[in-house]
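Participant: Input structure: final.cif, which contains mmCIF, C-alpha atoms and all ligand atoms.
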```
data_coords
#
loop_
_atom_site.label_atom_id
_atom_site.label_comp_id
_atom_site.auth_asym_id
_atom_site.auth_seq_id
_atom_site.Cartn_x
_atom_site.Cartn_y
_atom_site.Cartn_z
CA MET A 1 8.12 -33.34 -18.51
CA ASP A 2 10.36 -35.91 -16.78
CA GLU A 3 9.84 -34.85 -13.19
CA GLN A 4 6.53 -34.16 -11.49
CA PRO A 5 6.36 -30.57 -10.22
CA ARG A 6 6.63 -30.30 -6.42
CA PHE A 7 3.78 -27.84 -6.13
CA ASP A 8 0.10 -27.84 -6.89
CA SER A 9 -1.67 -25.45 -9.23
CA ARG A 10 -3.08 -23.47 -6.29
CA GLU A 11 0.44 -22.72 -5.04
CA LEU A 12 1.56 -21.86 -8.57
CA ARG A 13 -1.35 -19.42 -8.92
CA GLN A 14 -0.40 -17.77 -5.63
CA VAL A 15 3.21 -17.38 -6.68
CA LEU A 16 2.22 -16.00 -10.08
CA GLY A 17 -0.17 -13.62 -8.26
CA ALA A 18 2.89 -11.97 -6.68
CA PHE A 19 3.66 -10.61 -10.13
CA VAL A 20 1.33 -7.60 -10.28
CA THR A 21 -0.15 -6.63 -13.66
CA GLY A 22 -2.52 -4.20 -15.27
CA VAL A 23 -5.92 -5.39 -16.47
CA THR A 24 -6.98 -5.36 -20.12
CA VAL A 25 -10.02 -6.38 -22.10
CA VAL A 26 -8.94 -7.92 -25.41
CA THR A 27 -11.67 -7.39 -28.00
CA THR A 28 -12.26 -8.48 -31.59
CA VAL A 29 -14.86 -8.76 -34.31
CA ASP A 30 -15.58 -12.03 -36.09
CA ALA A 31 -16.31 -12.61 -39.82
CA GLN A 32 -20.04 -12.16 -39.14
CA GLY A 33 -19.44 -8.78 -37.52
CA ARG A 34 -20.14 -10.04 -33.96
CA PHE A 35 -18.09 -8.58 -31.12
CA HIS A 36 -16.12 -10.68 -28.63
CA GLY A 37 -13.96 -9.80 -25.68
CA LEU A 38 -12.38 -11.17 -22.53
CA THR A 39 -10.65 -9.78 -19.48
CA CYS A 40 -6.95 -10.52 -19.77
CA ASN A 41 -3.92 -9.84 -17.60
CA SER A 42 -1.49 -11.99 -19.57
CA PHE A 43 -0.95 -9.03 -21.86
CA SER A 44 2.72 -8.08 -22.19
CA SER A 45 4.97 -5.92 -24.32
CA VAL A 46 7.42 -7.84 -26.50
CA SER A 47 9.31 -5.57 -28.91
CA LEU A 48 9.56 -1.87 -29.74
CA GLU A 49 11.04 -2.30 -33.22
CA PRO A 50 8.93 -3.79 -34.72
CA PRO A 51 6.20 -2.92 -32.19
CA LEU A 52 4.97 -6.28 -30.87
CA VAL A 53 2.79 -7.30 -27.93
CA LEU A 54 1.39 -10.63 -26.76
CA TRP A 55 -1.39 -12.10 -24.71
CA SER A 56 -2.46 -15.65 -24.03
CA GLN A 57 -5.84 -17.29 -23.87
CA ALA A 58 -7.04 -20.51 -22.28
CA THR A 59 -7.79 -22.88 -25.17
CA LYS A 60 -10.89 -24.01 -23.26
CA ALA A 61 -12.33 -20.48 -23.19
CA PRO A 62 -15.64 -20.31 -25.07
CA SER A 63 -14.32 -17.41 -27.19
CA HIS A 64 -11.07 -19.16 -28.11
CA PRO A 65 -12.36 -20.58 -31.43
CA VAL A 66 -13.09 -16.97 -32.45
CA PHE A 67 -9.75 -15.49 -31.37
CA ARG A 68 -7.93 -18.38 -33.10
CA GLU A 69 -9.39 -17.24 -36.43
CA VAL A 70 -9.53 -13.43 -36.34
CA PRO A 71 -6.76 -11.34 -37.98
CA HIS A 72 -6.93 -8.41 -35.50
CA PHE A 73 -7.48 -7.66 -31.83
CA ALA A 74 -7.70 -4.53 -29.67
CA VAL A 75 -6.18 -4.26 -26.20
CA ASN A 76 -8.24 -1.98 -23.95
CA ILE A 77 -6.09 -1.14 -20.89
CA LEU A 78 -8.62 -0.60 -18.11
CA ALA A 79 -8.67 2.47 -15.87
CA GLU A 80 -8.89 2.18 -12.08
CA ASP A 81 -12.67 2.84 -12.03
CA GLN A 82 -13.44 0.03 -14.51
CA ILE A 83 -13.63 -2.99 -12.20
CA ALA A 84 -17.24 -3.59 -13.29
CA LEU A 85 -16.07 -3.79 -16.90
CA SER A 86 -13.31 -6.23 -15.91
CA LYS A 87 -15.91 -8.44 -14.19
CA ARG A 88 -18.32 -8.21 -17.10
CA PHE A 89 -15.70 -9.41 -19.59
CA ALA A 90 -14.43 -12.12 -17.24
CA SER A 91 -17.75 -13.95 -17.25
CA SER A 92 -18.95 -16.23 -20.04
CA GLY A 93 -22.31 -16.61 -21.58
CA GLN A 94 -24.13 -13.34 -22.04
CA ASP A 95 -23.61 -10.72 -24.77
CA LYS A 96 -20.86 -8.74 -23.09
CA PHE A 97 -21.41 -5.72 -25.34
CA ALA A 98 -25.16 -5.39 -24.67
CA GLY A 99 -25.89 -1.83 -23.54
CA LEU A 100 -22.21 -0.97 -23.46
CA GLU A 101 -21.05 2.25 -25.09
CA HIS A 102 -18.13 1.59 -27.40
CA ASP A 103 -16.44 2.93 -30.51
CA ILE A 104 -15.40 1.21 -33.70
CA GLY A 105 -11.69 1.35 -34.35
CA PHE A 106 -9.12 -0.02 -36.75
CA ALA A 107 -10.42 -2.89 -38.96
CA GLY A 108 -13.88 -2.64 -37.34
CA LEU A 109 -12.59 -3.62 -33.86
CA PRO A 110 -14.83 -2.71 -30.89
CA VAL A 111 -13.04 -0.26 -28.59
CA LEU A 112 -14.24 0.31 -25.01
CA ARG A 113 -14.70 3.82 -23.61
CA GLY A 114 -13.12 5.33 -20.49
CA CYS A 115 -9.97 3.21 -20.59
CA SER A 116 -6.47 4.25 -19.61
CA ALA A 117 -4.97 3.38 -23.04
CA TRP A 118 -5.60 1.33 -26.17
CA LEU A 119 -3.60 -0.65 -28.75
CA GLU A 120 -4.99 -2.10 -31.95
CA CYS A 121 -3.02 -4.98 -33.41
CA LYS A 122 -2.65 -7.29 -36.37
CA VAL A 123 -2.05 -10.93 -35.40
CA VAL A 124 1.44 -11.94 -36.64
CA SER A 125 1.88 -15.28 -34.85
CA LYS A 126 -0.02 -17.81 -32.79
CA LEU A 127 1.97 -20.13 -30.57
CA PRO A 128 0.97 -23.11 -28.44
CA GLY A 129 1.48 -22.56 -24.70
CA GLY A 130 0.25 -25.61 -22.78
CA ASP A 131 -3.39 -25.08 -21.90
CA HIS A 132 -3.14 -21.57 -23.39
CA ALA A 133 -2.50 -20.19 -26.88
CA ILE A 134 -0.17 -17.22 -27.24
CA PHE A 135 -1.12 -14.45 -29.67
CA VAL A 136 1.57 -12.06 -30.87
CA GLY A 137 0.27 -8.86 -32.44
CA GLU A 138 1.95 -6.08 -34.36
CA VAL A 139 0.71 -2.77 -33.01
CA GLN A 140 -1.11 -0.66 -35.61
CA THR A 141 -2.56 2.21 -33.57
CA ILE A 142 -2.10 3.48 -30.03
CA ARG A 143 -3.87 6.01 -27.81
CA ARG A 144 -3.69 6.93 -24.15
CA THR A 145 -5.38 9.19 -21.59
CA PRO A 146 -4.31 10.50 -18.16
CA ARG A 147 -6.69 7.99 -16.48
CA ARG A 148 -4.87 5.91 -13.90
CA PRO A 149 -4.69 2.21 -14.76
CA LEU A 150 -6.40 -0.58 -12.87
CA VAL A 151 -3.96 -3.02 -11.24
CA PHE A 152 -4.35 -6.71 -10.41
CA GLY A 153 -2.21 -8.78 -8.04
CA GLY A 154 -2.56 -11.48 -5.40
CA GLY A 155 -6.04 -12.28 -6.73
CA GLN A 156 -7.43 -8.79 -6.09
CA TYR A 157 -7.87 -5.45 -7.75
CA LEU A 158 -5.35 -2.81 -6.70
CA VAL A 159 -4.60 0.83 -7.49
CA ALA A 160 -1.35 2.24 -8.83
CA ASP A 161 0.27 4.77 -6.51
CA PRO A 162 3.84 6.05 -6.52
CA HIS A 163 5.95 4.19 -3.98
CA ASP A 164 6.45 6.02 -0.67
CA LEU A 165 10.17 5.45 -0.86
CA GLY A 166 10.66 6.37 -4.50
CA SER A 167 12.05 9.77 -5.47
CA PRO A 168 9.73 12.69 -4.81
CA PRO A 169 8.24 14.19 -7.97
CA ALA A 170 10.56 16.80 -9.56
CA GLY A 171 10.10 20.25 -8.08
CA VAL A 172 8.29 19.08 -4.91
CA ALA A 173 9.97 20.50 -1.82
CA PHE A 174 9.27 19.09 1.63
CA GLU A 175 8.89 22.46 3.36
CA GLY A 176 5.53 23.46 1.88
CA GLN A 177 3.66 20.25 2.49
CA GLY A 178 5.82 18.48 5.02
CA GLN A 179 3.07 17.45 7.40
CA LEU A 180 0.73 16.39 4.60
CA ASN A 181 3.43 14.14 3.16
CA ALA A 182 4.22 12.78 6.60
CA VAL A 183 0.56 11.92 7.22
CA ARG A 184 0.23 10.24 3.83
CA TRP A 185 3.46 8.29 4.08
CA GLY A 186 3.00 7.60 7.78
CA ALA A 187 -0.51 6.15 7.26
CA ARG A 188 0.70 3.81 4.53
CA ALA A 189 3.77 2.69 6.45
CA MET A 190 1.61 2.17 9.55
CA ALA A 191 -0.85 0.04 7.56
CA ARG A 192 2.00 -2.18 6.36
CA LEU A 193 3.50 -2.54 9.82
CA SER A 194 0.12 -3.23 11.39
CA LYS A 195 -0.58 -5.94 8.84
CA GLU A 196 2.85 -7.54 9.10
CA PHE A 197 2.75 -7.81 12.91
CA ASP A 198 -1.05 -7.94 13.34
CA GLN A 199 -0.72 -4.95 15.63
CA THR A 200 -3.19 -2.18 16.45
CA MET A 201 -1.55 1.15 15.68
CA ALA A 202 -2.31 4.87 15.74
CA LEU A 203 -0.87 7.93 14.06
CA SER A 204 -0.99 11.19 16.02
CA VAL A 205 -0.25 14.85 15.39
CA TRP A 206 0.48 17.55 17.94
CA GLY A 207 -2.76 19.55 17.99
CA ASN A 208 -3.93 22.59 19.95
CA HIS A 209 -4.91 20.27 22.80
CA GLY A 210 -1.80 18.10 22.70
CA PRO A 211 -1.31 14.67 21.09
CA THR A 212 -4.29 13.96 18.82
CA VAL A 213 -4.96 10.67 17.02
CA THR A 214 -5.58 11.21 13.28
CA ALA A 215 -5.58 7.61 12.02
CA TRP A 216 -5.99 4.10 13.36
CA GLU A 217 -4.96 0.77 11.92
CA PRO A 218 -6.63 -2.01 13.91
CA GLY A 219 -5.06 -5.45 14.33
CA SER A 220 -7.25 -8.59 14.36
CA SER A 221 -7.99 -8.10 18.09
CA PRO A 222 -7.93 -4.34 18.73
CA VAL A 223 -7.80 -3.34 22.39
CA SER A 224 -11.22 -1.74 22.17
CA GLY A 225 -14.35 -1.80 20.02
CA THR A 226 -13.98 1.96 19.66
CA LEU A 227 -10.83 3.43 18.21
CA PRO A 228 -11.88 7.08 18.22
CA MET A 229 -10.46 9.48 15.67
CA GLY A 230 -9.49 12.84 17.14
CA LEU A 231 -8.79 11.23 20.52
CA ILE A 232 -6.72 13.65 22.62
CA LEU A 233 -4.09 11.95 24.74
CA PRO A 234 -2.34 13.10 27.90
CA VAL A 235 1.34 13.97 27.45
CA THR A 236 3.06 12.57 30.53
CA SER A 237 1.14 9.32 30.88
CA THR A 238 1.11 8.10 27.26
CA ALA A 239 3.89 6.77 25.05
CA THR A 240 2.61 9.06 22.29
CA GLY A 241 2.84 12.12 24.54
CA LEU A 242 6.33 11.17 25.65
CA ALA A 243 7.51 10.68 22.06
CA PHE A 244 6.19 14.15 21.16
CA ALA A 245 7.54 15.87 24.24
CA ALA A 246 11.03 14.45 23.70
CA ASN A 247 11.08 15.93 20.19
CA LEU A 248 9.22 19.25 20.41
CA PRO A 249 10.25 22.61 21.87
CA THR A 250 9.56 22.67 25.62
CA ALA A 251 7.50 25.82 25.16
CA ALA A 252 4.92 23.74 23.27
CA THR A 253 4.67 20.92 25.77
CA ASP A 254 5.32 22.64 29.13
CA PRO A 255 1.77 23.88 29.84
CA PHE A 256 0.43 20.32 29.41
CA VAL A 257 3.29 18.70 31.33
CA SER A 258 3.05 21.06 34.33
CA ALA A 259 -0.72 20.61 34.64
CA GLU A 260 -0.54 16.84 34.32
CA LEU A 261 2.34 16.40 36.77
CA ALA A 262 0.52 18.59 39.29
CA ALA A 263 -2.50 16.27 39.06
CA ALA A 264 -0.54 12.98 38.85
CA VAL A 265 -0.93 10.27 41.47
CA ASP A 266 2.22 8.37 42.30
CA GLY A 267 2.49 4.60 41.96
CA VAL A 268 -0.47 3.98 39.62
CA SER A 269 1.74 3.06 36.68
CA ASP A 270 5.27 3.62 35.46
CA SER A 271 4.37 7.14 34.25
CA PRO A 272 6.52 9.99 35.57
CA THR A 273 4.86 11.97 38.35
CA THR A 274 7.63 14.42 39.25
CA PRO A 275 9.60 16.92 37.13
CA ARG A 276 12.73 14.88 37.81
CA SER A 277 11.29 11.53 36.67
CA TRP A 278 9.72 13.34 33.67
CA GLN A 279 13.13 14.70 32.64
CA GLN A 280 14.60 11.21 32.97
CA ALA A 281 11.84 9.78 30.77
CA ILE A 282 12.45 12.48 28.17
CA ALA A 283 16.23 11.84 28.16
CA HIS A 284 15.66 8.10 27.80
CA THR A 285 13.22 8.63 24.92
CA ARG A 286 15.66 10.90 23.10
CA GLN A 287 18.42 8.36 23.58
CA THR A 288 16.47 5.31 22.38
CA GLY A 289 14.14 6.95 19.84
CA LEU A 290 11.27 4.99 21.40
CA ALA A 291 8.77 5.67 24.17
CA ARG A 292 7.02 2.98 26.19
CA ARG A 293 4.01 3.05 28.44
CA ALA A 294 3.30 -0.01 30.52
CA PRO A 295 0.71 -0.48 31.71
CA GLY A 296 -2.03 2.06 31.09
CA ARG A 297 -5.75 2.12 30.55
CA PHE A 298 -7.17 2.72 27.11
CA TYR A 299 -9.74 5.46 26.68
CA GLY A 300 -11.37 5.00 30.07
CA ASP A 301 -11.58 1.25 29.45
CA GLN A 302 -10.85 -1.36 32.05
CA VAL A 303 -8.44 -3.13 29.69
CA LEU A 304 -4.81 -2.70 30.64
CA ILE A 305 -2.66 -1.89 27.68
CA HIS A 306 0.99 -1.50 26.77
CA ALA A 307 2.04 1.09 24.20
CA LEU A 308 5.18 1.74 22.20
CA SER A 309 5.71 4.99 20.27
CA ALA A 310 8.24 6.44 17.88
CA PRO A 311 8.42 9.95 16.40
CA ILE A 312 8.64 10.96 12.74
CA LEU A 313 10.94 14.00 12.64
CA ASP A 314 11.18 16.82 10.12
CA ALA A 315 14.36 18.50 8.88
CA SER A 316 14.58 20.63 12.05
CA GLY A 317 14.30 17.56 14.30
CA CYS A 318 10.74 18.32 15.46
CA ALA A 319 8.20 15.51 15.77
CA VAL A 320 5.67 15.96 12.96
CA LEU A 321 3.86 12.74 13.80
CA VAL A 322 4.09 9.94 16.31
CA MET A 323 3.39 6.33 15.39
CA THR A 324 2.13 4.23 18.29
CA ALA A 325 1.42 0.55 18.74
CA ILE A 326 -1.00 -0.44 21.48
CA GLY A 327 -2.01 -3.86 22.65
CA ASP A 328 -3.55 -5.78 25.51
CA ALA A 329 -0.95 -5.91 28.30
CA GLN A 330 -1.29 -9.71 28.33
CA GLN A 331 -0.22 -10.01 24.71
CA PHE A 332 1.86 -6.99 23.76
CA SER A 333 5.03 -6.37 25.74
CA ALA A 334 6.02 -3.03 24.14
CA GLU A 335 9.62 -3.95 24.99
CA PHE A 336 12.37 -2.16 23.06
CA GLY A 337 14.32 -5.26 22.02
CA THR A 338 11.64 -7.05 19.96
CA PRO A 339 11.50 -7.46 16.15
CA PHE A 340 8.39 -5.25 16.19
CA ALA A 341 10.22 -2.45 18.03
CA ALA A 342 13.08 -2.70 15.53
CA ALA A 343 10.64 -2.56 12.61
CA LEU A 344 8.79 0.42 14.13
CA LYS A 345 12.04 2.27 14.65
CA ALA A 346 13.29 1.46 11.17
CA THR A 347 9.99 2.70 9.72
CA VAL A 348 10.00 6.06 11.51
CA GLU A 349 13.70 6.58 10.82
CA SER A 350 13.16 5.99 7.14
CA LEU A 351 10.17 8.37 7.11
CA SER A 352 12.16 10.98 9.05
CA ARG A 353 14.94 10.80 6.48
CA ARG A 354 12.27 11.26 3.82
CA MET A 355 11.17 14.39 5.72
CA GLY A 356 14.71 15.76 5.45
CA TYR A 357 15.87 14.85 8.95
CA VAL A 358 19.56 13.98 9.27
CA ALA A 359 20.35 12.03 12.42
CA GLU A 360 23.46 13.16 14.30
CA SER A 361 24.99 9.74 13.86
CA ASP A 362 24.35 9.94 10.09
CA ALA A 363 26.00 13.32 9.89
CA ARG A 364 28.98 12.16 11.98
CA ASP A 365 29.63 8.82 10.42
CA GLU A 366 28.26 7.19 7.30
CA SER A 367 29.15 3.74 8.59
CA ARG A 368 26.91 3.96 11.63
CA PRO A 369 25.86 0.75 13.40
CA THR A 370 22.78 -0.98 12.09
CA LEU A 371 19.51 -0.18 13.72
CA VAL A 372 19.02 -3.51 15.39
CA SER A 373 22.42 -3.45 17.04
CA ALA A 374 21.81 0.11 18.15
CA LEU A 375 18.65 -0.88 19.97
C1 LIG B 1 -8.07 -10.10 -13.89
C2 LIG B 1 -8.36 -11.23 -14.85
C3 LIG B 1 -7.41 -11.59 -15.78
C4 LIG B 1 -7.65 -12.62 -16.70
N1 LIG B 1 -6.70 -12.92 -17.61
C5 LIG B 1 -6.93 -13.90 -18.51
C6 LIG B 1 -5.95 -14.23 -19.50
O1 LIG B 1 -4.89 -13.63 -19.56
N2 LIG B 1 -6.23 -15.22 -20.39
C7 LIG B 1 -7.42 -15.91 -20.34
O2 LIG B 1 -7.61 -16.81 -21.16
N3 LIG B 1 -8.36 -15.63 -19.40
C8 LIG B 1 -8.14 -14.64 -18.50
N4 LIG B 1 -9.09 -14.33 -17.57
C9 LIG B 1 -10.34 -15.10 -17.56
C10 LIG B 1 -11.28 -14.68 -18.69
O3 LIG B 1 -11.53 -13.31 -18.66
C11 LIG B 1 -12.59 -15.44 -18.58
O4 LIG B 1 -12.35 -16.81 -18.59
C12 LIG B 1 -13.59 -15.07 -19.65
O5 LIG B 1 -14.84 -15.58 -19.32
C13 LIG B 1 -13.27 -15.64 -20.99
O6 LIG B 1 -14.20 -15.12 -21.92
P1 LIG B 1 -15.19 -16.05 -22.76
O7 LIG B 1 -15.93 -16.90 -21.77
O8 LIG B 1 -16.02 -15.14 -23.55
O9 LIG B 1 -14.26 -16.89 -23.60
C14 LIG B 1 -8.88 -13.32 -16.66
C15 LIG B 1 -9.83 -12.95 -15.71
C16 LIG B 1 -9.58 -11.91 -14.82
C17 LIG B 1 -10.63 -11.53 -13.83
#
```
Please rewrite the model in this file as structure tokens.
Ligand SMILES: Cc1cc2nc3c(=O)[nH]c(=O)nc-3n(C[C@H](O)[C@H](O)[C@H](O)COP(=O)(O)O)c2cc1C
Facilitator:
Amino acid sequence: MDEQPRFDSRELRQVLGAFVTGVTVVTTVDAQGRFHGLTCNSFSSVSLEPPLVLWSQATKAPSHPVFREVPHFAVNILAEDQIALSKRFASSGQDKFAGLEHDIGFAGLPVLRGCSAWLECKVVSKLPGGDHAIFVGEVQTIRRTPRRPLVFGGGQYLVADPHDLGSPPAGVAFEGQGQLNAVRWGARAMARLSKEFDQTMALSVWGNHGPTVTAWEPGSSPVSGTLPMGLILPVTSTATGLAFAANLPTAATDPFVSAELAAAVDGVSDSPTTPRSWQQAIAHTRQTGLARRAPGRFYGDQVLIHALSAPILDASGCAVLVMTAIGDAQQFSAEFGTPFAAALKATVESLSRRMGYVAESDARDESRPTLVSAL
């Protein structure tokens, strides 16, 4: 190579780790009938006609002299509960097959049990690839099971789940399991948002006792040591309550609102204490799609917090869930104009669309202003 690369191998590894793969164990049998195998994620499909696959092996690997010679190999595509097997075959030294249940397949190849799928191959070419050797195999037999595959990316084991924003499975209607879907999608989206902005967040449903927290996603410095599940929040003095009340029938929220306003003390925070200021807060929340509480106290704590909430709406425009960010008042502004507020709003709007909600502006005009400019 003429030019020196402008990155080190650690950086290269990290970049390559962004390409997520499955995990296989490539196995073989040598001329003496001994079994060999190694964990391998360089496996890749090459051709359908003829059916070809490849994988590559570090030439320094202790088992490389064996794989260089053998005429066949099996690719065992690991299932999501086979991390232990992946670790076993990724370490050198011991007899990796000792005490391991396996079957004997094509050409005497050892085949591991409980995998997601298998391919047995005849080696058709061996190519040099820097510090690796590339093996191309012609597929001789295949088999698969419904077991979900193990996934590897960014240096860690992952699981394969359908993407939240992909198409729903054929025949699945939102009506029947709307709230379940919302909770599932909402929790995942909240986890991503929390991680991206290092922000403590909560997901709430409207329960028999009002806004009820069903999931937490703590940031690196959560506002409290206890983030209690099932926490019931007031309606008029929390951002979560406001986001629900602005998007639920008044009949549902009125009993809570009346009782709380009757007991409210003026001037303690920016929370509404009169029916008139409550109506103004509701109108503002409907208009902006966001509710803010600043400052408030968290769960009887002395810590002053700010909170920012946004509703996830179903097809009828009712709030199924509310996603709330809370943070120490010193650090988290909960202002509407921040990148976090824009991301929160974009997230709930996307989930609401997924729930079948069509915003008035969407229905009126396809070329509506972008979210950020609308904020
Ligand atoms: C997820 C994962 C993927 C791996 N992929 C490969 C690979 O594609 N090629 C390779 O040579 N080693 C790969 N390794 C490392 C080998 O599994 C490891 O070096 C093993 O000890 C080699 O077996 P041996 O010592 O019996 O030769 C991988 C390890 C892990 C954990």
Participant: Taking all atoms listed in the file into account, list the residues no farther than 8 Å from ligand LIG 1 (chain B), as a PyMOL selection string.
Facilitator: chain A and resi 23-25+36-43+55-64+86-87+89-93+132+152+155-157
Participant: Put those residues in a file: C-alpha atoms, as an mmCIF file, in the coordinates of the input.
Facilitator:
```cif
data_model
loop_
_atom_site.group_PDB
_atom_site.id
_atom_site.type_symbol
_atom_site.label_atom_id
_atom_site.label_comp_id
_atom_site.auth_asym_id
_atom_site.auth_seq_id
_atom_site.Cartn_x
_atom_site.Cartn_y
_atom_site.Cartn_z
ATOM 1 C CA VAL A 23 -5.920 -5.390 -16.470
ATOM 2 C CA THR A 24 -6.980 -5.360 -20.120
ATOM 3 C CA VAL A 25 -10.020 -6.380 -22.100
ATOM 4 C CA HIS A 36 -16.120 -10.680 -28.630
ATOM 5 C CA GLY A 37 -13.960 -9.800 -25.680
ATOM 6 C CA LEU A 38 -12.380 -11.170 -22.530
ATOM 7 C CA THR A 39 -10.650 -9.780 -19.480
ATOM 8 C CA CYS A 40 -6.950 -10.520 -19.770
ATOM 9 C CA ASN A 41 -3.920 -9.840 -17.600
ATOM 10 C CA SER A 42 -1.490 -11.990 -19.570
ATOM 11 C CA PHE A 43 -0.950 -9.030 -21.860
ATOM 12 C CA TRP A 55 -1.390 -12.100 -24.710
ATOM 13 C CA SER A 56 -2.460 -15.650 -24.030
ATOM 14 C CA GLN A 57 -5.840 -17.290 -23.870
ATOM 15 C CA ALA A 58 -7.040 -20.510 -22.280
ATOM 16 C CA THR A 59 -7.790 -22.880 -25.170
ATOM 17 C CA LYS A 60 -10.890 -24.010 -23.260
ATOM 18 C CA ALA A 61 -12.330 -20.480 -23.190
ATOM 19 C CA PRO A 62 -15.640 -20.310 -25.070
ATOM 20 C CA SER A 63 -14.320 -17.410 -27.190
ATOM 21 C CA HIS A 64 -11.070 -19.160 -28.110
ATOM 22 C CA SER A 86 -13.310 -6.230 -15.910
ATOM 23 C CA LYS A 87 -15.910 -8.440 -14.190
ATOM 24 C CA PHE A 89 -15.700 -9.410 -19.590
ATOM 25 C CA ALA A 90 -14.430 -12.120 -17.240
ATOM 26 C CA SER A 91 -17.750 -13.950 -17.250
ATOM 27 C CA SER A 92 -18.950 -16.230 -20.040
ATOM 28 C CA GLY A 93 -22.310 -16.610 -21.580
ATOM 29 C CA HIS A 132 -3.140 -21.570 -23.390
ATOM 30 C CA PHE A 152 -4.350 -6.710 -10.410
ATOM 31 C CA GLY A 155 -6.040 -12.280 -6.730
ATOM 32 C CA GLN A 156 -7.430 -8.790 -6.090
ATOM 33 C CA TYR A 157 -7.870 -5.450 -7.750
#
```
Participant: Rounded to one decimal place, report the atom CA of Ala202 of chain A-atom CA of Ala245 of chain A distance in Å.
Facilitator: 17.0 Å
Participant: Check the smallest atom-to-atom distance from each of A:Arg148, A:Ala160, A:Trp118, A:Thr347 to Val20 of chain A using all atoms listed in the file, then report the winner.
Facilitator: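 Closest residue, counting all atoms listed in the file: A:Ala160.
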Participant: Quick one: residues within 8 Å of segment 103-108 of chain A, all atoms listed in the file, excluding same-chain residues fewer than 5 positions away - as a list in words?
Facilitator: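 Answer for this query is Val29, His72, Arg113, Glu120 and Thr141 of chain A.
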Participant: Do you have the atom CA of Cys121 of chain A-atom CA of Val151 of chain A distance handy?
Facilitator: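 One can read the atom CA of Cys121 of chain A to atom CA of Val151 of chain A distance as 22.3 Å.
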Participant: Of the residues A:Phe256, A:Phe332, A:Phe244, A:Phe73, which is the one nearest to Pro222 of chain A, using only C-alpha atoms?
Facilitator: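 So, comparing all the options, the nearest one is A:Phe332.
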